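Reproduced below: structure_8.cif, with mmCIF, C-alpha atoms.
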data_my_file
loop_
_atom_site.group_PDB
_atom_site.id
_atom_site.type_symbol
_atom_site.label_atom_id
_atom_site.label_comp_id
_atom_site.auth_asym_id
_atom_site.auth_seq_id
_atom_site.Cartn_x
_atom_site.Cartn_y
_atom_site.Cartn_z
ATOM 1 C CA MET A 1 74.867 174.479 221.956
ATOM 2 C CA LYS A 2 73.466 171.927 219.505
ATOM 3 C CA ALA A 3 75.851 169.889 217.361
ATOM 4 C CA ALA A 4 74.200 171.236 214.219
ATOM 5 C CA ASP A 5 75.001 174.785 215.283
ATOM 6 C CA LEU A 6 78.715 174.006 215.182
ATOM 7 C CA LEU A 7 78.467 173.569 211.400
ATOM 8 C CA MET A 8 77.072 177.060 210.956
ATOM 9 C CA PRO A 9 79.085 180.288 210.677
ATOM 10 C CA HIS A 10 79.648 181.490 214.208
ATOM 11 C CA ALA A 11 81.503 184.370 215.881
ATOM 12 C CA THR A 12 82.599 184.545 219.512
ATOM 13 C CA PHE A 13 83.861 187.687 221.247
ATOM 14 C CA LEU A 14 85.961 187.311 224.392
ATOM 15 C CA LEU A 15 85.370 190.407 226.526
ATOM 16 C CA PRO A 16 87.019 191.828 229.642
ATOM 17 C CA SER A 17 85.342 192.054 233.015
ATOM 18 C CA ILE A 18 82.490 194.549 232.885
ATOM 19 C CA SER A 19 84.164 196.576 235.654
ATOM 20 C CA ARG A 20 86.981 197.443 233.221
ATOM 21 C CA PHE A 21 84.622 199.794 231.375
ATOM 22 C CA GLY A 22 83.883 201.903 234.452
ATOM 23 C CA ALA A 23 80.977 204.299 233.861
ATOM 24 C CA GLN A 24 80.866 203.745 230.089
ATOM 25 C CA ARG A 25 77.586 202.441 228.688
ATOM 26 C CA LEU A 26 76.382 200.867 225.456
ATOM 27 C CA SER A 27 73.969 202.823 223.309
ATOM 28 C CA ALA A 28 70.313 202.015 224.045
ATOM 29 C CA GLU A 29 69.923 200.447 220.585
ATOM 30 C CA CYS A 30 72.901 198.109 220.924
ATOM 31 C CA ASP A 31 72.044 197.272 224.537
ATOM 32 C CA ALA A 32 68.509 196.284 223.533
ATOM 33 C CA ALA A 33 69.706 194.204 220.562
ATOM 34 C CA LEU A 34 72.091 192.198 222.719
ATOM 35 C CA GLY A 35 69.491 191.770 225.449
ATOM 36 C CA ARG A 36 67.364 189.617 223.123
ATOM 37 C CA GLY A 37 69.834 186.737 223.195
ATOM 38 C CA ASP A 38 69.945 183.638 225.398
ATOM 39 C CA ARG A 39 71.712 184.061 228.722
ATOM 40 C CA PRO A 40 73.097 180.753 230.050
ATOM 41 C CA PRO A 41 73.943 180.450 233.759
ATOM 42 C CA PRO A 42 77.160 182.266 234.753
ATOM 43 C CA GLN A 43 80.375 180.287 234.330
ATOM 44 C CA ALA A 44 83.621 180.336 236.309
ATOM 45 C CA PRO A 45 85.178 183.830 236.367
ATOM 46 C CA GLY A 46 88.755 184.742 235.467
ATOM 47 C CA ARG A 47 90.900 184.789 232.362
ATOM 48 C CA ARG A 48 92.058 181.195 232.651
ATOM 49 C CA ALA A 49 88.507 179.872 232.962
ATOM 50 C CA GLN A 50 87.445 182.054 230.037
ATOM 51 C CA LEU A 51 90.130 180.674 227.737
ATOM 52 C CA LEU A 52 89.483 177.090 228.810
ATOM 53 C CA ARG A 53 85.874 177.459 227.685
ATOM 54 C CA HIS A 54 87.212 177.770 224.136
ATOM 55 C CA VAL A 55 90.498 175.848 224.147
ATOM 56 C CA ASP A 56 90.408 172.210 225.213
ATOM 57 C CA LEU A 57 93.224 170.982 227.414
ATOM 58 C CA PRO A 58 93.374 167.520 229.008
ATOM 59 C CA GLY A 59 92.093 167.159 232.547
ATOM 60 C CA GLY A 60 91.759 170.880 233.190
ATOM 61 C CA SER A 61 95.557 171.296 232.973
ATOM 62 C CA TRP A 62 97.181 174.668 232.302
ATOM 63 C CA PRO A 63 100.695 174.037 230.884
ATOM 64 C CA ILE A 64 100.945 177.479 229.334
ATOM 65 C CA ALA A 65 104.694 177.660 229.934
ATOM 66 C CA ALA A 66 105.301 174.570 227.790
ATOM 67 C CA LEU A 67 102.850 175.715 225.113
ATOM 68 C CA SER A 68 104.279 179.216 224.856
ATOM 69 C CA ARG A 69 107.841 177.848 224.992
ATOM 70 C CA GLN A 70 107.028 175.626 222.030
ATOM 71 C CA ALA A 71 105.664 178.640 220.165
ATOM 72 C CA ASP A 72 108.683 180.791 221.108
ATOM 73 C CA ALA A 73 111.532 178.324 220.703
ATOM 74 C CA GLY A 74 110.203 174.974 219.463
ATOM 75 C CA ASP A 75 112.122 172.980 222.096
ATOM 76 C CA ALA A 76 109.537 172.290 224.808
ATOM 77 C CA ALA A 77 109.408 168.506 224.372
ATOM 78 C CA GLY A 78 111.128 166.309 226.944
ATOM 79 C CA ALA A 79 111.066 168.730 229.898
ATOM 80 C CA ALA A 80 108.742 170.544 232.266
ATOM 81 C CA TRP A 81 108.578 174.308 231.955
ATOM 82 C CA LEU A 82 107.674 177.178 234.228
ATOM 83 C CA ARG A 83 107.230 180.799 233.238
ATOM 84 C CA ALA A 84 109.379 183.156 235.324
ATOM 85 C CA ASP A 85 108.214 186.416 233.825
ATOM 86 C CA PRO A 86 109.711 189.817 234.694
ATOM 87 C CA VAL A 87 107.451 191.911 236.927
ATOM 88 C CA TRP A 88 107.314 195.236 238.726
ATOM 89 C CA LEU A 89 106.578 194.834 242.434
ATOM 90 C CA ARG A 90 105.753 197.878 244.571
ATOM 91 C CA PRO A 91 105.790 197.798 248.381
ATOM 92 C CA ASP A 92 103.073 199.713 250.196
ATOM 93 C CA ILE A 93 101.752 199.986 253.732
ATOM 94 C CA ASN A 94 99.717 196.773 253.358
ATOM 95 C CA GLY A 95 102.316 194.576 251.667
ATOM 96 C CA VAL A 96 103.699 194.202 248.145
ATOM 97 C CA ARG A 97 101.607 194.650 245.000
ATOM 98 C CA LEU A 98 102.092 193.390 241.457
ATOM 99 C CA MET A 99 101.929 196.505 239.275
ATOM 100 C CA ALA A 100 102.938 195.199 235.828
ATOM 101 C CA HIS A 101 104.306 192.103 234.141
ATOM 102 C CA GLY A 102 105.652 190.907 230.819
ATOM 103 C CA GLU A 103 104.830 193.077 227.821
ATOM 104 C CA ALA A 104 103.532 195.929 230.009
ATOM 105 C CA LEU A 105 107.113 196.560 231.187
ATOM 106 C CA LEU A 106 108.289 197.014 227.579
ATOM 107 C CA PRO A 107 111.305 194.774 228.204
ATOM 108 C CA THR A 108 114.061 194.646 225.613
ATOM 109 C CA GLN A 109 116.812 192.254 224.661
ATOM 110 C CA ALA A 110 119.208 194.609 226.456
ATOM 111 C CA ASP A 111 117.220 194.090 229.672
ATOM 112 C CA CYS A 112 117.605 190.333 229.288
ATOM 113 C CA GLU A 113 121.329 190.574 228.592
ATOM 114 C CA ALA A 114 121.829 192.730 231.675
ATOM 115 C CA LEU A 115 119.643 190.897 234.193
ATOM 116 C CA LEU A 116 119.666 187.210 233.292
ATOM 117 C CA PRO A 117 123.382 186.601 233.986
ATOM 118 C CA ALA A 118 122.832 187.788 237.572
ATOM 119 C CA LEU A 119 119.881 185.417 238.029
ATOM 120 C CA LYS A 120 121.109 182.274 236.276
ATOM 121 C CA PRO A 121 123.461 181.108 239.082
ATOM 122 C CA LEU A 122 120.595 181.337 241.593
ATOM 123 C CA PHE A 123 118.436 178.959 239.580
ATOM 124 C CA GLY A 124 121.360 176.873 238.355
ATOM 125 C CA ASP A 125 122.164 175.984 241.967
ATOM 126 C CA ALA A 126 118.569 174.700 242.265
ATOM 127 C CA GLY A 127 118.982 172.580 239.113
ATOM 128 C CA PHE A 128 116.954 174.809 236.781
ATOM 129 C CA LEU A 129 117.952 176.576 233.571
ATOM 130 C CA LEU A 130 116.710 180.151 233.118
ATOM 131 C CA ASP A 131 116.522 181.797 229.707
ATOM 132 C CA ALA A 132 114.409 184.252 227.708
ATOM 133 C CA PRO A 133 113.736 183.527 224.013
ATOM 134 C CA ALA A 134 111.415 186.560 224.109
ATOM 135 C CA PRO A 135 112.137 189.622 226.297
ATOM 136 C CA ALA A 136 108.679 189.522 227.923
ATOM 137 C CA ARG A 137 108.607 185.747 228.476
ATOM 138 C CA TRP A 138 111.247 184.155 230.688
ATOM 139 C CA TYR A 139 111.385 180.422 231.280
ATOM 140 C CA LEU A 140 112.742 177.868 233.698
ATOM 141 C CA ARG A 141 113.519 174.422 232.306
ATOM 142 C CA LEU A 142 112.831 171.736 234.917
ATOM 143 C CA PRO A 143 113.145 167.943 234.971
ATOM 144 C CA ARG A 144 110.092 166.409 233.324
ATOM 145 C CA GLU A 145 109.004 164.744 236.583
ATOM 146 C CA ALA A 146 109.313 167.918 238.687
ATOM 147 C CA LYS A 147 106.426 168.722 241.036
ATOM 148 C CA ILE A 148 105.232 172.215 240.232
ATOM 149 C CA PRO A 149 102.721 174.066 242.430
ATOM 150 C CA GLU A 150 99.552 175.570 240.968
ATOM 151 C CA PHE A 151 100.660 179.204 240.681
ATOM 152 C CA THR A 152 98.233 182.052 240.028
ATOM 153 C CA ASP A 153 98.347 183.688 236.606
ATOM 154 C CA PRO A 154 99.839 187.217 236.778
ATOM 155 C CA ARG A 155 96.847 188.718 234.966
ATOM 156 C CA ASP A 156 94.668 187.668 237.920
ATOM 157 C CA VAL A 157 97.017 189.259 240.483
ATOM 158 C CA LEU A 158 97.552 192.728 238.999
ATOM 159 C CA GLY A 159 97.086 195.388 241.648
ATOM 160 C CA ASP A 160 96.667 192.845 244.449
ATOM 161 C CA ASP A 161 98.739 192.223 247.536
ATOM 162 C CA LEU A 162 100.939 189.217 246.739
ATOM 163 C CA PHE A 163 100.195 187.561 250.068
ATOM 164 C CA GLU A 164 96.578 187.075 248.963
ATOM 165 C CA HIS A 165 97.833 184.630 246.322
ATOM 166 C CA LEU A 166 100.465 182.642 248.200
ATOM 167 C CA ASP A 167 100.008 179.065 249.459
ATOM 168 C CA SER A 168 101.945 177.493 252.298
ATOM 169 C CA GLY A 169 102.744 173.953 251.113
ATOM 170 C CA PRO A 170 106.347 172.648 251.121
ATOM 171 C CA GLU A 171 106.816 173.155 247.382
ATOM 172 C CA ASP A 172 105.214 176.593 247.558
ATOM 173 C CA ARG A 173 107.631 177.662 250.303
ATOM 174 C CA ARG A 174 110.579 176.526 248.194
ATOM 175 C CA TRP A 175 109.473 178.613 245.229
ATOM 176 C CA ARG A 176 108.638 181.576 247.434
ATOM 177 C CA ALA A 177 112.196 181.485 248.775
ATOM 178 C CA LEU A 178 113.569 181.457 245.210
ATOM 179 C CA ALA A 179 111.309 184.358 244.275
ATOM 180 C CA ASN A 180 112.499 186.339 247.293
ATOM 181 C CA GLU A 181 116.155 185.736 246.411
ATOM 182 C CA ALA A 182 115.523 186.781 242.814
ATOM 183 C CA GLN A 183 113.811 189.924 244.067
ATOM 184 C CA ILE A 184 116.881 190.841 246.127
ATOM 185 C CA VAL A 185 119.195 190.300 243.140
ATOM 186 C CA LEU A 186 117.029 192.428 240.877
ATOM 187 C CA HIS A 187 116.392 195.167 243.447
ATOM 188 C CA ASN A 188 120.123 195.659 243.887
ATOM 189 C CA HIS A 189 121.013 195.457 240.206
ATOM 190 C CA PRO A 190 122.305 198.766 238.757
ATOM 191 C CA TRP A 191 120.409 198.136 235.516
ATOM 192 C CA ASN A 192 117.175 199.102 237.240
ATOM 193 C CA ALA A 193 118.650 202.507 238.048
ATOM 194 C CA GLU A 194 119.206 202.969 234.313
ATOM 195 C CA ARG A 195 115.602 201.995 233.601
ATOM 196 C CA ALA A 196 114.430 204.494 236.226
ATOM 197 C CA ALA A 197 116.548 207.231 234.625
ATOM 198 C CA LYS A 198 114.667 206.574 231.375
ATOM 199 C CA GLY A 199 111.310 206.845 233.147
ATOM 200 C CA GLN A 200 110.718 203.087 232.963
ATOM 201 C CA PRO A 201 109.402 200.938 235.822
ATOM 202 C CA PRO A 202 111.906 198.569 237.428
ATOM 203 C CA ILE A 203 112.131 194.880 236.684
ATOM 204 C CA ASN A 204 112.432 193.927 240.330
ATOM 205 C CA GLY A 205 110.838 190.503 240.564
ATOM 206 C CA LEU A 206 109.851 187.297 238.788
ATOM 207 C CA TRP A 207 106.415 185.732 238.635
ATOM 208 C CA PHE A 208 106.231 181.943 238.401
ATOM 209 C CA TRP A 209 103.203 180.467 236.637
ATOM 210 C CA GLY A 210 101.851 178.083 234.010
ATOM 211 C CA GLY A 211 104.034 175.092 234.876
ATOM 212 C CA GLY A 212 103.761 171.752 233.118
ATOM 213 C CA THR A 213 104.703 169.676 230.090
ATOM 214 C CA LEU A 214 103.432 169.697 226.519
ATOM 215 C CA PRO A 215 100.062 167.951 226.118
ATOM 216 C CA ALA A 216 100.072 164.587 224.417
ATOM 217 C CA GLU A 217 99.590 164.390 220.683
ATOM 218 C CA GLY A 218 95.958 164.447 219.653
ATOM 219 C CA ILE A 219 94.906 167.544 221.515
ATOM 220 C CA LYS A 220 94.832 169.468 218.247
ATOM 221 C CA THR A 221 91.580 167.662 217.380
ATOM 222 C CA ARG A 222 89.731 169.073 220.412
ATOM 223 C CA SER A 223 88.713 172.578 219.374
ATOM 224 C CA ARG A 224 85.274 173.529 218.069
ATOM 225 C CA HIS A 225 86.737 176.747 216.628
ATOM 226 C CA SER A 226 88.496 177.060 213.295
ATOM 227 C CA ALA A 227 90.532 180.133 214.289
ATOM 228 C CA ILE A 228 91.253 182.404 217.251
ATOM 229 C CA TYR A 229 92.422 185.980 216.695
ATOM 230 C CA THR A 230 94.251 187.582 219.601
ATOM 231 C CA ASP A 231 97.080 189.936 220.564
ATOM 232 C CA ASP A 232 97.565 188.189 223.926
ATOM 233 C CA PRO A 233 100.630 185.894 223.824
ATOM 234 C CA THR A 234 99.000 183.459 226.269
ATOM 235 C CA ALA A 235 95.855 183.082 224.190
ATOM 236 C CA HIS A 236 97.959 182.852 221.020
ATOM 237 C CA ALA A 237 100.059 180.009 222.444
ATOM 238 C CA LEU A 238 96.915 178.110 223.401
ATOM 239 C CA ALA A 239 95.266 178.733 220.046
ATOM 240 C CA ALA A 240 98.334 177.639 218.098
ATOM 241 C CA ASN A 241 98.037 174.236 219.759
ATOM 242 C CA VAL A 242 94.399 173.646 218.852
ATOM 243 C CA CYS A 243 93.457 175.646 215.737
ATOM 244 C CA ASP A 244 94.600 178.478 213.501
ATOM 245 C CA ALA A 245 95.901 181.506 215.423
ATOM 246 C CA GLY A 246 96.239 185.038 214.143
ATOM 247 C CA ALA A 247 96.584 188.658 215.224
ATOM 248 C CA LEU A 248 93.439 190.549 216.146
ATOM 249 C CA PRO A 249 92.187 192.646 213.204
ATOM 250 C CA PRO A 250 91.316 196.322 213.793
ATOM 251 C CA ARG A 251 87.567 195.696 213.446
ATOM 252 C CA TYR A 252 85.070 192.910 212.875
ATOM 253 C CA PRO A 253 85.894 191.353 209.475
ATOM 254 C CA ALA A 254 82.365 190.596 208.282
ATOM 255 C CA GLY A 255 82.100 189.170 204.795
ATOM 256 C CA PRO A 256 81.361 186.105 202.669
ATOM 257 C CA GLY A 257 84.856 184.719 203.232
ATOM 258 C CA ASP A 258 83.966 183.888 206.839
ATOM 259 C CA LEU A 259 80.753 182.007 206.099
ATOM 260 C CA ALA A 260 82.218 178.549 206.780
ATOM 261 C CA SER A 261 84.164 179.581 209.851
ATOM 262 C CA ASP A 262 83.754 179.409 213.602
ATOM 263 C CA LEU A 263 85.889 182.345 214.699
ATOM 264 C CA VAL A 264 86.920 183.695 218.103
ATOM 265 C CA PHE A 265 88.026 187.306 218.542
ATOM 266 C CA ASP A 266 89.836 188.102 221.787
ATOM 267 C CA LEU A 267 88.848 191.648 222.791
ATOM 268 C CA THR A 268 89.780 191.435 226.471
ATOM 269 C CA ASP A 269 92.470 194.118 226.277
ATOM 270 C CA THR A 270 90.065 196.899 225.357
ATOM 271 C CA ARG A 271 88.858 199.451 227.893
ATOM 272 C CA ASP A 272 86.984 201.558 225.311
ATOM 273 C CA LEU A 273 83.335 200.533 225.147
ATOM 274 C CA ALA A 274 82.551 202.949 222.293
ATOM 275 C CA TRP A 275 85.282 201.321 220.170
ATOM 276 C CA LEU A 276 83.964 197.871 221.075
ATOM 277 C CA GLU A 277 80.442 198.821 220.068
ATOM 278 C CA HIS A 278 81.217 200.647 216.811
ATOM 279 C CA GLU A 279 84.019 198.448 215.477
ATOM 280 C CA TRP A 280 82.845 195.048 216.699
ATOM 281 C CA LEU A 281 79.361 194.710 218.168
ATOM 282 C CA ARG A 282 77.443 196.730 215.590
ATOM 283 C CA PRO A 283 79.188 195.136 212.547
ATOM 284 C CA ALA A 284 78.641 191.674 214.047
ATOM 285 C CA LEU A 285 74.951 192.413 214.661
ATOM 286 C CA THR A 286 74.677 193.562 211.042
ATOM 287 C CA ALA A 287 76.367 190.345 209.864
ATOM 288 C CA LEU A 288 73.933 188.371 212.004
ATOM 289 C CA ARG A 289 70.921 190.173 210.517
ATOM 290 C CA LYS A 290 72.211 189.585 206.956
ATOM 291 C CA GLY A 291 72.834 185.893 207.570
ATOM 292 C CA GLU A 292 76.606 186.183 207.185
ATOM 293 C CA ILE A 293 76.852 184.493 210.586
ATOM 294 C CA ASP A 294 74.285 182.306 212.284
ATOM 295 C CA HIS A 295 75.224 182.974 215.901
ATOM 296 C CA LEU A 296 77.108 185.585 217.918
ATOM 297 C CA GLU A 297 78.433 184.646 221.356
ATOM 298 C CA LEU A 298 79.803 187.009 224.022
ATOM 299 C CA ASP A 299 81.916 185.623 226.855
ATOM 300 C CA ASP A 300 83.344 187.995 229.470
ATOM 301 C CA GLU A 301 85.947 187.470 232.176
ATOM 302 C CA ASP A 302 83.247 187.616 234.865
ATOM 303 C CA GLY A 303 81.802 184.383 233.468
ATOM 304 C CA ASN A 304 78.757 185.988 231.815
ATOM 305 C CA LEU A 305 77.687 184.416 228.523
ATOM 306 C CA LEU A 306 75.308 185.644 225.816
ATOM 307 C CA ARG A 307 74.289 183.660 222.736
ATOM 308 C CA LEU A 308 72.461 185.596 220.064
ATOM 309 C CA GLY A 309 70.858 183.913 217.047
ATOM 310 C CA ARG A 310 69.496 185.446 213.833
ATOM 311 C CA TRP A 311 65.853 185.304 214.861
ATOM 312 C CA HIS A 312 66.406 186.538 218.398
ATOM 313 C CA ARG A 313 65.947 190.095 217.153
ATOM 314 C CA LEU A 314 62.183 189.423 217.213
ATOM 315 C CA ARG A 315 62.246 189.093 221.019
ATOM 316 C CA PHE A 316 61.349 192.736 221.523
ATOM 317 C CA TRP A 317 60.050 192.035 225.036
ATOM 318 C CA ARG A 318 63.474 191.095 226.407
ATOM 319 C CA GLY A 319 65.350 193.429 228.771
ATOM 320 C CA ALA A 320 68.636 195.182 228.016
ATOM 321 C CA TYR A 321 71.922 193.270 228.039
ATOM 322 C CA SER A 322 73.499 195.602 230.611
ATOM 323 C CA ARG A 323 70.870 194.537 233.147
ATOM 324 C CA SER A 324 71.109 190.844 232.335
ATOM 325 C CA ILE A 325 74.807 190.617 233.213
ATOM 326 C CA SER A 326 74.146 191.696 236.802
ATOM 327 C CA ARG A 327 71.528 189.012 237.389
ATOM 328 C CA HIS A 328 70.537 185.873 235.503
ATOM 329 C CA ASP A 329 67.109 186.174 233.884
ATOM 330 C CA PRO A 330 65.495 182.872 232.840
#

Show me, as C-alpha cells, the structure contained in the file I just sent.
Amino acid sequence: MKAADLLMPHATFLLPSISRFGAQRLSAECDAALGRGDRPPPQAPGRRAQLLRHVDLPGGSWPIAALSRQADAGDAAGAAWLRADPVWLRPDINGVRLMAHGEALLPTQADCEALLPALKPLFGDAGFLLDAPAPARWYLRLPREAKIPEFTDPRDVLGDDLFEHLDSGPEDRRWRALANEAQIVLHNHPWNAERAAKGQPPINGLWFWGGGTLPAEGIKTRSRHSAIYTDDPTAHALAANVCDAGALPPRYPAGPGDLASDLVFDLTDTRDLAWLEHEWLRPALTALRKGEIDHLELDDEDGNLLRLGRWHRLRFWRGAYSRSISRHDP
C-alpha cells in the first residue's frame, strides 16, 4: 500500500476462515464486484497472524495477557502475565479435545467465587497469583523475569486434540503438569455438577496463553488505523493499546463522518454469509462507488487479502472473488 493511500478514507474487514461459511455462497453480483480488486500473495494464516497485520507489536511479540489485564484491571505494569482461561475439555477415543473457552462457557462471578479458591493454593505453591477480574478471563501474575513458553491461542485449538498443540521442552512440561493438576481439581469440584444440572458445560480445565509483559511506551504510535471495532476481547485489548477501540456496530456505518478515518471492522465471529453480504459488503461497495471511502480491504483468517479501489469496478474481465481465494491469480 502506498503512503499516500494511508491518508485516504479506508475500510478494512477482518473475516473468518472461508471454511466457516460451509456451503453458503455470495450472490453473483457481489462475488463479481469483489473479484475486480487486487489480490496480494497469501499471508500467514490464523487469528494471531491476522491481528498482527493490523496491530503493531514489537518484535512479533504477543503479550495479550498483559494487554488484556491492563484493560481489565489497570495493574499490569511491573509483572509478567499469563492468561489461564476457563475451558471445557472433552475426552474421546483419540485423546482430549478443547470444546469451548472463555466467553463461550458463559461464566459468571459465581463460577469464579466457587472455583478459584480451590485452584489458588495450587498456583500459590508455584509462586503465582491466580485471579479473575472478568469471569471469562483468568490471569496468573508471574515475576517479570519469568520464562514463559509460547503457548497456542485457544481460538486456534478449538475442536482439536490437545496433544497436537503440546511441546516437550522443560518449561512446557512444568506448565503441562500444572494444567493437569488444575484439571483434576476442577473435574472433582462439585460446582461442575451444579453447572451440569443447569444444562451448562463444565469448567474442567485451564488454558494458558498470551504470556508476557506490557510493551514499552511508544507502541501507541505504531498503528496505521484510526479505530478498530470489535466484539472480541482479545482484539479489543490489542486495539486499545494502539488506537481507538469500540464495539462492532450492527452494520457498515457508511457516511460523511467517516471520510477522514481508516477503520477496521472485525467480522470474524460471523458464520452467516448473507448477513455479511447485505449488512457489510454491499453497503461498503456502495460507499466505495460514491467516494465515501477510497479503498476497501478484506483480510480473512486463511491469510487471503483483497484490496479494492474505487476504479477497480471497471475491471469487468476479472474473475469472481470466490475463485480467487482458492488460488492466487496475478

Contacts of stretch 137-162 of chain A with stretch 113-128 of chain A up to 12 Å, shortest pair per row, all atoms listed in the file, as CSV:
residue,atom,partner,partner_atom,distance
A:Trp138,CA,A:Leu116,CA,9.3
A:Tyr139,CA,A:Phe128,CA,9.6
A:Leu140,CA,A:Phe128,CA,6.1
A:Arg141,CA,A:Phe128,CA,5.7
A:Leu142,CA,A:Phe128,CA,5.5
A:Pro143,CA,A:Phe128,CA,8.1
A:Arg144,CA,A:Phe128,CA,11.4
A:Ala146,CA,A:Phe128,CA,10.5

Ref. answer, residues at most 12 Å from (86.6, 197.0, 237.8) with only C-alpha atoms, as a ChimeraX atom specification: /A:16-24,158-159,271,301-302

The PyMOL selection byres ((chain A and resi 67) around 8) applied to the shown file, residues as number ranges by chain: A: 63-66, 68-71, 76, 214, 237-238, 241

message: I'd like the interatomic distance between atom CA of A:Arg155 and atom CA of A:Pro58, to a tenth of an Å.
response: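 Pair atom CA of A:Arg155 / atom CA of A:Pro58 returns 22.3 Å.
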
- request: Pick out the closest residue to A:Leu106 from this set: A:Phe265, A:Trp88, A:Tyr229, A:Trp275. Count all atoms listed in the file.
  value: A:Trp88
